[in-house]
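Next comes final.txt, a file with compact mmCIF, C-alpha atoms and all ligand atoms.
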# COMPACT_ATOMS: atom_id res chain seq x y z
CA MET H 1 111.80 -52.24 48.06
CA ARG H 2 110.33 -51.52 44.63
CA TYR H 3 106.92 -50.13 43.86
CA ILE H 4 104.86 -48.58 41.08
CA GLU H 5 102.91 -45.36 41.56
CA PRO H 6 99.95 -46.14 39.29
CA HIS H 7 98.13 -42.85 39.89
CA GLY H 8 100.11 -39.67 40.42
CA HIS H 9 99.36 -36.20 39.01
CA MET H 10 102.99 -35.32 38.56
CA VAL H 11 102.35 -32.10 36.61
CA SER H 12 101.35 -30.59 39.95
CA ARG H 13 104.30 -31.95 41.92
CA THR H 14 107.75 -30.53 42.39
CA THR H 15 110.95 -32.07 41.13
CA ASN H 16 111.84 -32.83 44.75
CA ASP H 17 108.93 -35.26 44.75
CA TYR H 18 110.45 -37.18 41.82
CA GLN H 19 113.69 -37.34 43.77
CA ALA H 20 111.90 -38.64 46.90
CA MET H 21 109.89 -41.22 44.95
CA ILE H 22 112.98 -42.60 43.23
CA THR H 23 114.78 -42.75 46.57
CA ALA H 24 111.85 -44.71 48.05
CA GLY H 25 112.00 -47.32 45.24
CA CYS H 26 109.53 -46.04 42.66
CA ALA H 27 110.04 -47.99 39.42
CA ALA H 28 107.41 -46.32 37.22
CA VAL H 29 104.77 -43.62 37.54
CA CYS H 30 101.44 -43.42 35.70
CA GLU H 31 99.59 -40.14 35.38
CA PRO H 32 95.86 -39.98 34.60
CA ALA H 33 94.47 -36.82 33.02
CA PHE H 34 92.59 -34.79 35.60
CA TRP H 35 91.14 -31.46 36.63
CA ALA H 36 93.59 -28.57 36.94
CA GLY H 37 91.81 -27.07 39.96
CA PHE H 38 89.98 -24.64 37.67
CA ASP H 39 87.91 -25.24 34.53
CA ARG H 40 89.97 -24.88 31.37
CA GLY H 41 88.57 -22.23 29.06
CA SER H 42 88.72 -24.09 25.76
CA ALA H 43 89.63 -27.32 24.03
CA ASP H 44 93.02 -25.81 23.20
CA GLY H 45 93.83 -25.85 26.91
CA PHE H 46 93.48 -29.62 26.78
CA ARG H 47 95.75 -29.88 23.72
CA ASP H 48 98.51 -28.21 25.73
CA TYR H 49 97.77 -30.47 28.71
CA TYR H 50 97.98 -33.62 26.56
CA ARG H 51 101.30 -32.37 25.17
CA GLN H 52 102.48 -31.84 28.72
CA LEU H 53 101.45 -35.41 29.64
CA THR H 54 103.00 -37.02 26.58
CA GLU H 55 106.08 -34.85 25.97
CA HIS H 56 107.17 -32.64 28.83
CA GLU H 57 106.36 -34.81 31.87
CA PRO H 58 108.01 -38.03 30.61
CA ALA H 59 111.13 -35.96 29.87
CA ARG H 60 111.08 -34.51 33.41
CA ALA H 61 110.74 -38.02 34.90
CA ALA H 62 113.46 -39.37 32.60
CA LYS H 63 115.98 -37.11 34.30
CA PHE H 64 115.50 -39.43 37.28
CA MET H 65 115.48 -42.55 35.08
CA LEU H 66 111.82 -42.98 36.04
CA PRO H 67 109.52 -44.36 33.31
CA HIS H 68 106.46 -42.10 33.01
CA TYR H 69 103.14 -43.19 31.49
CA CYS H 70 99.85 -41.36 31.16
CA TRP H 71 96.13 -41.74 30.53
CA LEU H 72 94.01 -39.36 28.45
CA CYS H 73 90.49 -38.02 28.94
CA LEU H 74 88.35 -35.10 29.93
CA ASN H 75 88.00 -35.33 33.71
CA PRO H 76 84.42 -35.85 34.97
CA LYS H 77 84.65 -32.53 36.81
CA GLU H 78 84.65 -30.76 33.44
CA ALA H 79 82.05 -33.01 31.82
CA GLU H 80 79.02 -30.79 32.47
CA ASP H 81 79.81 -28.73 29.37
CA LEU H 82 78.81 -31.11 26.59
CA SER H 83 80.07 -28.96 23.72
CA LEU H 84 83.52 -28.60 25.32
CA ALA H 85 83.50 -32.37 25.94
CA LYS H 86 82.71 -33.01 22.26
CA ASP H 87 85.69 -30.94 21.10
CA VAL H 88 88.08 -32.44 23.63
CA LEU H 89 87.06 -36.04 22.99
CA ALA H 90 87.53 -35.49 19.25
CA MET H 91 91.15 -34.56 20.00
CA ILE H 92 92.04 -37.68 22.01
CA PRO H 93 92.68 -40.00 19.00
CA GLU H 94 95.44 -37.62 17.84
CA PHE H 95 97.40 -38.45 21.00
CA ILE H 96 96.38 -42.03 21.64
CA ASP H 97 99.29 -43.64 19.77
CA ARG H 98 101.95 -41.70 21.63
CA PRO H 99 104.45 -44.04 23.27
CA ASN H 100 103.59 -43.34 26.93
CA VAL H 101 99.78 -43.42 26.62
CA LEU H 102 98.29 -46.40 28.49
CA GLY H 103 94.61 -45.82 27.86
CA ILE H 104 91.56 -43.70 28.67
CA GLY H 105 91.36 -42.23 32.19
CA GLU H 106 90.60 -41.12 34.72
CA ILE H 107 87.04 -41.10 33.44
CA GLY H 108 83.97 -41.60 35.61
CA LEU H 109 81.59 -39.43 37.56
CA ASN H 110 81.89 -36.44 39.87
CA ARG H 111 78.38 -35.41 41.03
CA ASN H 112 76.52 -38.27 39.28
CA THR H 113 74.69 -36.13 36.72
CA ARG H 114 73.14 -37.08 33.41
CA ASN H 115 75.68 -35.02 31.45
CA GLU H 116 78.56 -36.72 33.25
CA MET H 117 76.98 -40.09 32.36
CA LYS H 118 76.79 -39.07 28.68
CA VAL H 119 80.46 -38.05 28.59
CA LEU H 120 81.46 -41.23 30.43
CA GLU H 121 79.64 -43.26 27.79
CA GLN H 122 81.47 -41.38 25.02
CA HIS H 123 84.83 -42.09 26.67
CA ILE H 124 83.95 -45.78 26.94
CA GLU H 125 83.16 -45.78 23.21
CA ILE H 126 86.60 -44.34 22.42
CA ALA H 127 88.30 -46.91 24.67
CA VAL H 128 86.47 -49.78 23.00
CA LYS H 129 87.04 -48.43 19.48
CA TYR H 130 90.79 -48.01 20.02
CA ASP H 131 91.14 -51.11 22.25
CA GLN H 132 92.41 -49.11 25.22
CA LEU H 133 92.67 -49.90 28.93
CA ILE H 134 90.28 -47.89 31.13
CA LEU H 135 91.00 -46.14 34.45
CA VAL H 136 87.89 -45.00 36.32
CA HIS H 137 87.60 -42.25 38.93
CA THR H 138 84.76 -42.78 41.40
CA PRO H 139 83.10 -39.75 43.03
CA HIS H 140 83.98 -38.25 46.36
CA LEU H 141 82.44 -38.72 49.79
CA GLU H 142 78.64 -39.05 49.86
CA ASP H 143 78.50 -39.46 46.07
CA LYS H 144 80.87 -42.45 45.85
CA LEU H 145 78.44 -45.30 46.58
CA LYS H 146 75.79 -44.21 44.09
CA GLY H 147 78.38 -43.18 41.49
CA THR H 148 80.24 -46.47 41.71
CA LYS H 149 76.99 -48.38 41.15
CA LEU H 150 76.11 -46.22 38.12
CA ILE H 151 79.61 -46.67 36.66
CA VAL H 152 79.69 -50.44 37.21
CA ASP H 153 76.23 -50.82 35.62
CA LEU H 154 77.21 -48.71 32.61
CA LEU H 155 80.47 -50.63 32.05
CA LYS H 156 78.72 -53.99 32.43
CA SER H 157 76.04 -52.99 29.94
CA HIS H 158 78.61 -52.38 27.20
CA SER H 159 79.38 -55.58 25.32
CA GLY H 160 82.77 -54.26 24.18
CA VAL H 161 84.12 -53.73 27.70
CA ASN H 162 86.27 -56.47 29.21
CA PRO H 163 86.37 -55.99 33.02
CA ASP H 164 89.90 -57.45 33.11
CA ARG H 165 91.02 -54.30 31.30
CA VAL H 166 89.27 -51.80 33.60
CA ILE H 167 90.47 -50.51 36.98
CA ILE H 168 87.94 -48.71 39.16
CA ASP H 169 89.84 -46.37 41.44
CA HIS H 170 89.30 -44.72 44.83
CA VAL H 171 87.36 -47.68 46.24
CA GLU H 172 86.59 -47.77 49.96
CA GLU H 173 85.05 -50.32 52.30
CA HIS H 174 81.55 -49.73 50.91
CA THR H 175 82.46 -50.09 47.22
CA ILE H 176 85.44 -52.44 46.89
CA GLN H 177 83.60 -55.76 46.99
CA ALA H 178 81.01 -54.78 44.37
CA VAL H 179 83.83 -53.73 42.03
CA LEU H 180 85.78 -56.99 42.49
CA ASP H 181 82.63 -59.14 42.29
CA GLN H 182 81.95 -57.76 38.81
CA GLY H 183 85.42 -58.78 37.63
CA PHE H 184 87.00 -55.32 37.58
CA TRP H 185 90.29 -54.30 39.17
CA ALA H 186 90.09 -52.03 42.21
CA GLY H 187 92.39 -49.14 43.13
CA ILE H 188 92.75 -48.02 46.75
CA THR H 189 93.79 -44.38 47.11
CA LEU H 190 95.81 -43.30 50.14
CA TYR H 191 94.78 -39.79 51.10
CA PRO H 192 95.10 -37.86 54.34
CA ASP H 193 91.46 -36.88 55.01
CA SER H 194 89.32 -38.72 52.49
CA LYS H 195 89.51 -42.02 50.61
CA SER H 196 91.71 -44.47 52.55
CA SER H 197 94.52 -44.48 55.11
CA PRO H 198 97.36 -47.05 55.08
CA PRO H 199 95.80 -49.11 57.92
CA ARG H 200 92.37 -49.17 56.22
CA ALA H 201 94.00 -50.14 52.91
CA VAL H 202 95.66 -53.14 54.56
CA ASP H 203 92.32 -54.00 56.24
CA MET H 204 90.69 -54.11 52.79
CA LEU H 205 93.44 -56.43 51.53
CA GLU H 206 92.82 -58.72 54.50
CA ILE H 207 89.07 -58.79 53.85
CA CYS H 208 88.96 -58.83 50.04
CA GLY H 209 92.14 -60.70 49.14
CA ARG H 210 95.29 -59.64 47.37
CA GLU H 211 94.22 -60.15 43.75
CA ARG H 212 93.17 -57.41 41.29
CA ILE H 213 93.97 -54.60 43.71
CA TRP H 214 96.53 -51.83 43.50
CA LEU H 215 97.41 -48.99 45.83
CA ASN H 216 98.08 -45.41 44.74
CA SER H 217 98.68 -42.00 46.24
CA ALA H 218 96.73 -39.98 43.62
CA CYS H 219 99.06 -37.17 44.64
CA ASP H 220 98.02 -33.90 43.04
CA TRP H 221 97.92 -30.16 43.85
CA GLY H 222 95.83 -30.78 46.99
CA ILE H 223 96.96 -32.08 50.35
CA SER H 224 98.33 -35.47 49.35
CA ASP H 225 101.47 -37.53 49.82
CA PRO H 226 103.54 -38.80 46.88
CA LEU H 227 105.14 -41.35 49.24
CA ALA H 228 101.84 -42.76 50.55
CA VAL H 229 102.34 -46.07 48.69
CA PRO H 230 105.77 -46.96 50.13
CA LYS H 231 104.59 -45.76 53.56
CA THR H 232 101.80 -48.35 53.38
CA ALA H 233 104.47 -51.04 52.98
CA ILE H 234 105.58 -50.12 56.49
CA GLU H 235 102.04 -50.83 57.77
CA MET H 236 102.07 -54.22 55.99
CA ARG H 237 105.42 -55.26 57.44
CA HIS H 238 104.31 -54.04 60.85
CA ARG H 239 101.36 -56.41 60.73
CA GLY H 240 103.66 -59.33 59.94
CA TYR H 241 103.30 -59.56 56.16
CA SER H 242 106.34 -60.72 54.19
CA ALA H 243 108.44 -58.68 51.79
CA GLU H 244 107.01 -60.93 49.03
CA PHE H 245 103.46 -59.90 50.00
CA VAL H 246 104.45 -56.23 49.83
CA ASP H 247 106.08 -56.77 46.44
CA GLN H 248 102.96 -58.46 45.09
CA ILE H 249 100.67 -55.62 46.06
CA LEU H 250 102.97 -52.68 45.30
CA PHE H 251 104.79 -53.96 42.23
CA GLN H 252 103.53 -57.22 40.73
CA ASN H 253 99.80 -56.36 40.78
CA PRO H 254 100.14 -53.04 38.93
CA VAL H 255 102.57 -54.69 36.49
CA ARG H 256 100.00 -57.40 35.78
CA PHE H 257 97.27 -54.89 34.99
CA LEU H 258 99.41 -52.39 33.09
CA SER H 259 101.14 -55.09 31.01
CA GLN H 260 97.85 -55.54 29.19
CA CYS H 261 98.91 -52.39 27.33
CA PRO H 262 101.71 -53.35 24.91
CA LYS H 263 103.38 -49.97 25.44
CA PHE H 264 104.04 -50.71 29.11
CA SER H 265 107.39 -52.36 29.77
CA VAL H 266 108.05 -54.06 33.07
CA PRO H 267 110.55 -51.86 34.89
CA VAL H 268 113.95 -53.37 35.45
CA THR H 269 114.75 -53.06 39.16
CA MET R 1 82.65 -64.24 40.17
CA HIS R 2 85.62 -63.47 42.41
CA PRO R 3 84.82 -64.62 45.92
CA PRO R 4 86.58 -62.84 48.74
CA GLN R 5 89.90 -64.40 49.65
CA PRO R 6 90.39 -63.50 53.28
CA ASP R 7 94.01 -62.83 53.89
CA SER R 8 95.34 -62.84 57.42
CA PRO R 9 98.83 -61.95 58.48
CA PRO R 10 100.88 -64.73 60.04
CA ALA R 11 99.93 -65.08 63.70
CA ASN R 12 102.74 -63.64 65.74
CA SER R 13 103.51 -60.74 67.98
CA ALA R 14 102.18 -58.43 65.23
CA ASN R 15 98.65 -59.14 66.51
CA LYS R 16 99.35 -57.56 69.89
CA ALA R 17 101.33 -54.76 68.26
CA LEU R 18 98.16 -53.89 66.35
CA VAL R 19 96.68 -52.62 69.61
CA ASP R 20 99.94 -51.43 71.15
CA ASP R 21 100.76 -49.21 68.18
CA SER R 22 97.33 -47.97 67.16
CA PHE R 23 95.41 -47.51 70.39
CA VAL R 24 96.66 -44.05 71.34
CA PRO R 25 96.28 -42.49 67.84
CA VAL R 26 92.78 -43.99 67.47
CA ARG R 27 91.81 -42.88 70.99
CA ALA R 28 92.83 -39.36 69.94
CA LYS R 29 90.54 -39.53 66.88
CA LEU R 30 87.56 -40.60 68.98
CA ILE R 31 88.14 -37.69 71.36
CA GLU R 32 88.32 -35.35 68.33
CA VAL R 33 84.87 -36.58 67.28
CA ALA R 34 83.51 -35.96 70.78
CA ALA R 35 85.11 -32.53 71.00
CA PHE R 36 83.74 -31.61 67.57
CA LEU R 37 80.20 -32.57 68.61
CA ASP R 38 80.59 -30.56 71.86
CA ARG R 39 81.97 -27.59 69.91
CA VAL R 40 79.18 -27.40 67.30
CA GLU R 41 76.61 -27.71 70.10
CA ARG R 42 78.26 -24.94 72.10
CA HIS R 43 78.28 -22.68 69.05
CA GLY R 44 74.68 -23.53 68.14
CA VAL R 45 75.36 -25.19 64.78
CA ASP R 46 74.69 -28.79 65.79
CA GLY R 47 71.50 -28.72 63.72
CA ASP R 48 73.57 -28.68 60.53
CA PHE R 49 72.68 -31.81 58.52
CA ARG R 50 76.32 -32.88 58.50
CA CYS R 51 76.54 -32.81 62.30
CA GLN R 52 73.33 -34.79 62.52
CA ALA R 53 74.64 -37.28 59.98
CA LEU R 54 77.81 -37.67 62.02
CA ASN R 55 75.80 -38.32 65.19
CA LYS R 56 73.71 -40.93 63.36
CA ALA R 57 76.78 -42.59 61.82
CA ALA R 58 78.44 -42.78 65.23
CA GLN R 59 75.60 -45.00 66.48
CA VAL R 60 77.13 -47.76 64.35
CA LEU R 61 80.05 -47.88 66.78
CA LEU R 62 77.72 -48.97 69.57
CA ASP R 63 75.70 -51.78 68.01
CA GLY R 64 78.34 -54.47 68.42
CA GLU R 65 78.02 -55.61 64.80
CA PRO R 66 80.99 -56.04 62.41
CA GLU R 67 81.86 -54.05 59.25
CA ARG R 68 81.58 -50.78 61.08
CA ALA R 69 83.66 -48.84 58.52
CA ARG R 70 81.54 -50.02 55.60
CA ARG R 71 78.31 -49.26 57.42
CA ILE R 72 79.41 -45.78 58.48
CA LEU R 73 80.38 -44.98 54.89
CA GLU R 74 76.99 -46.21 53.71
CA SER R 75 75.20 -44.19 56.34
CA LEU R 76 76.87 -41.02 55.01
CA SER R 77 76.09 -41.85 51.36
CA ASP R 78 73.47 -40.67 48.89
CA PRO R 79 70.92 -43.51 48.91
CA THR R 80 69.26 -42.56 45.59
CA THR R 81 69.93 -44.51 42.41
CA GLU R 82 69.10 -42.25 39.45
CA PRO R 83 71.57 -39.77 37.93
CA ASP R 84 70.80 -36.16 38.86
CA ASP R 85 69.23 -34.04 36.11
CA VAL R 86 71.46 -31.05 36.76
CA SER R 87 74.65 -30.45 38.66
CA THR R 88 74.49 -28.21 41.71
CA GLY R 89 78.00 -27.13 40.76
CA LYS R 90 79.03 -27.60 44.38
CA PRO R 91 81.63 -30.04 45.63
CA ALA R 92 80.68 -33.08 47.72
CA VAL R 93 80.46 -32.23 51.42
CA GLY R 94 80.68 -35.62 53.11
CA ALA R 95 77.08 -36.25 54.07
CA TRP R 96 73.89 -36.52 52.03
CA GLN R 97 70.95 -34.18 52.41
CA LYS R 98 67.62 -34.86 50.79
CA PRO R 99 66.99 -32.07 48.24
CA ALA R 100 64.22 -29.70 49.30
CA THR R 101 62.26 -30.31 46.07
CA GLN R 102 61.97 -34.11 46.51
ZN ZN S 1 93.43 -38.65 40.11

Since I need it in another form, could you write the structure as structure tokens?
Amino acid sequence: MRYIEPHGHMVSRTTNDYQAMITAGCAAVCEPAFWAGFDRGSADGFRDYYRQLTEHEPARAAKFMLPHYCWLCLNPKEAEDLSLAKDVLAMIPEFIDRPNVLGIGEIGLNRNTRNEMKVLEQHIEIAVKYDQLILVHTPHLEDKLKGTKLIVDLLKSHSGVNPDRVIIDHVEEHTIQAVLDQGFWAGITLYPDSKSSPPRAVDMLEICGRERIWLNSACDWGISDPLAVPKTAIEMRHRGYSAEFVDQILFQNPVRFLSQCPKFSVPVT
Amino acid sequence: MHPPQPDSPPANSANKALVDDSFVPVRAKLIEVAAFLDRVERHGVDGDFRCQALNKAAQVLLDGEPERARRILESLSDPTTEPDDVSTGKPAVGAWQKPATQ
């Protein structure tokens, strides 16, 4: 089996996890910029983080012959501080041409505030200006439904945004159809206690179809499983789906979306 | 724009396995819900808005209508539509409570 992990925060994972992912058939990993678990004190903290994402982490993955890509942004959790956001966003163009950068992400909303909306809008402007793919984080728990609607409306209102080039992540049963109906891609995140489980993810594929959807583990420093994607293949096979079906969802779909970025090369498996 | 494309697995023994394999783990989760509601009642914290939201969401299981997962998620969601003026700074807690000022 081969699969792509399109959303993994590898800076917070151990080297053993790289080893396990490779053993399970991982052919490429993509790492969105996110929150470190504490608010960074200054824009310089982000400069170091972007260097980690574009220099150190791809080198760590390369030891396992695993292609590593990343996305750049200021995570919505740190978007309340507008002056910090201004400084950090001004720094993104310096890194955008680096060879493993796929686009702008994971941007979006956290608690659905006006400041978060402003910073989201600024990120969208950068993505449009530099013709970048967009990866969107949708809020947690009770905030997801409202936040997803606000995000979809904002993206649709921007004439420069092509929904084919945007993936809206962490969808669940109450948000997936609205995302797909508007022409965006949808990401299903496999998490132990929130977001989706493997059986629910396969349910969503049965209800919403197999197009424009990818699965990811969003593994990070919290309780999460870097092998959640290949484990979901077991659920698919258990329900009687073919190996070709599994390959389409776990490998071909992410390849189709990510190939819209010329820097992404289809992994040789 | 992109109509749903229902996708069903090939009809075979997998359909029965769906129940065979999942029934006991799902049964366990339902009992956890019941035990949680008993526990918070016993300890006098069942008035917490999250416990009440869970009770309300659980009613969806009894109405015999489809799309139970979607409707439970919606029942636990913030129903407002405007961005909030200021952040509370707190993380999401899983159920929505109407702010005291509204
Ligand atoms: Zn993430």

- Shortest interatomic distance to chain R - which of H:Leu53, H:Leu250, H:Leu66, H:Val202, counting only C-alpha atoms: H:Val202

Sorted by chain and rising residue number, which residues of chain H lie within 7 Å of ligand ZN 1 (chain S), and what are their closest atom pairs and distances in Å to one decimal, counting all atoms listed in the file, as CSV?
residue,atom,partner,partner_atom,distance
H:His7,CA,S:ZN1,ZN,6.3
H:Gly8,CA,S:ZN1,ZN,6.8
H:His9,CA,S:ZN1,ZN,6.5
H:Pro32,CA,S:ZN1,ZN,6.2
H:Phe34,CA,S:ZN1,ZN,6.0
H:Glu106,CA,S:ZN1,ZN,6.6
H:His137,CA,S:ZN1,ZN,7.0
H:Ala218,CA,S:ZN1,ZN,5.0

- Message: If we count all atoms listed in the file and set the cut-off at 8 Å, which residues sit around Phe49 of chain R, ignoring sequence neighbours fewer than 2 positions away in its own chain? Please answer as a list in words.
- Response: Gly47, Cys51, Gln52, Ala53, Ala95 and Gln97 of chain R

- Query: By how many Å are atom CA of Leu73 of chain R and atom CA of Pro76 of chain H apart?
  - Reply: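 Separation between atom CA of Leu73 of chain R and atom CA of Pro76 of chain H: 22.3 Å.
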
- Task: Calculate how many Å separate atom CA of Arg70 of chain R from atom CA of His174 of chain H, rounding to one decimal.
- Result: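 Rounded to one decimal, the two atoms are 4.7 Å apart.
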
Axis-aligned box for all listed atoms of segment 35-40 of chain R, 4 Å per side, centre and edges in Å to one decimal, as lines of an AutoDock Vina configuration file:
center_x = 82.1
center_y = -30.0
center_z = 69.6
size_x = 13.9
size_y = 13.2
size_z = 12.6

- Note on the structure: Between H:Leu74, H:Ala20, H:Ala90, H:Val171, smallest distance to Leu141 of chain H by all atoms listed in the file belongs to H:Val171

- Using only C-alpha atoms, pick whichever of R:Leu37, R:Asn15, R:Thr81, R:Ser22 has the shortest atom-to-atom distance to Ala58 of chain R. R:Leu37
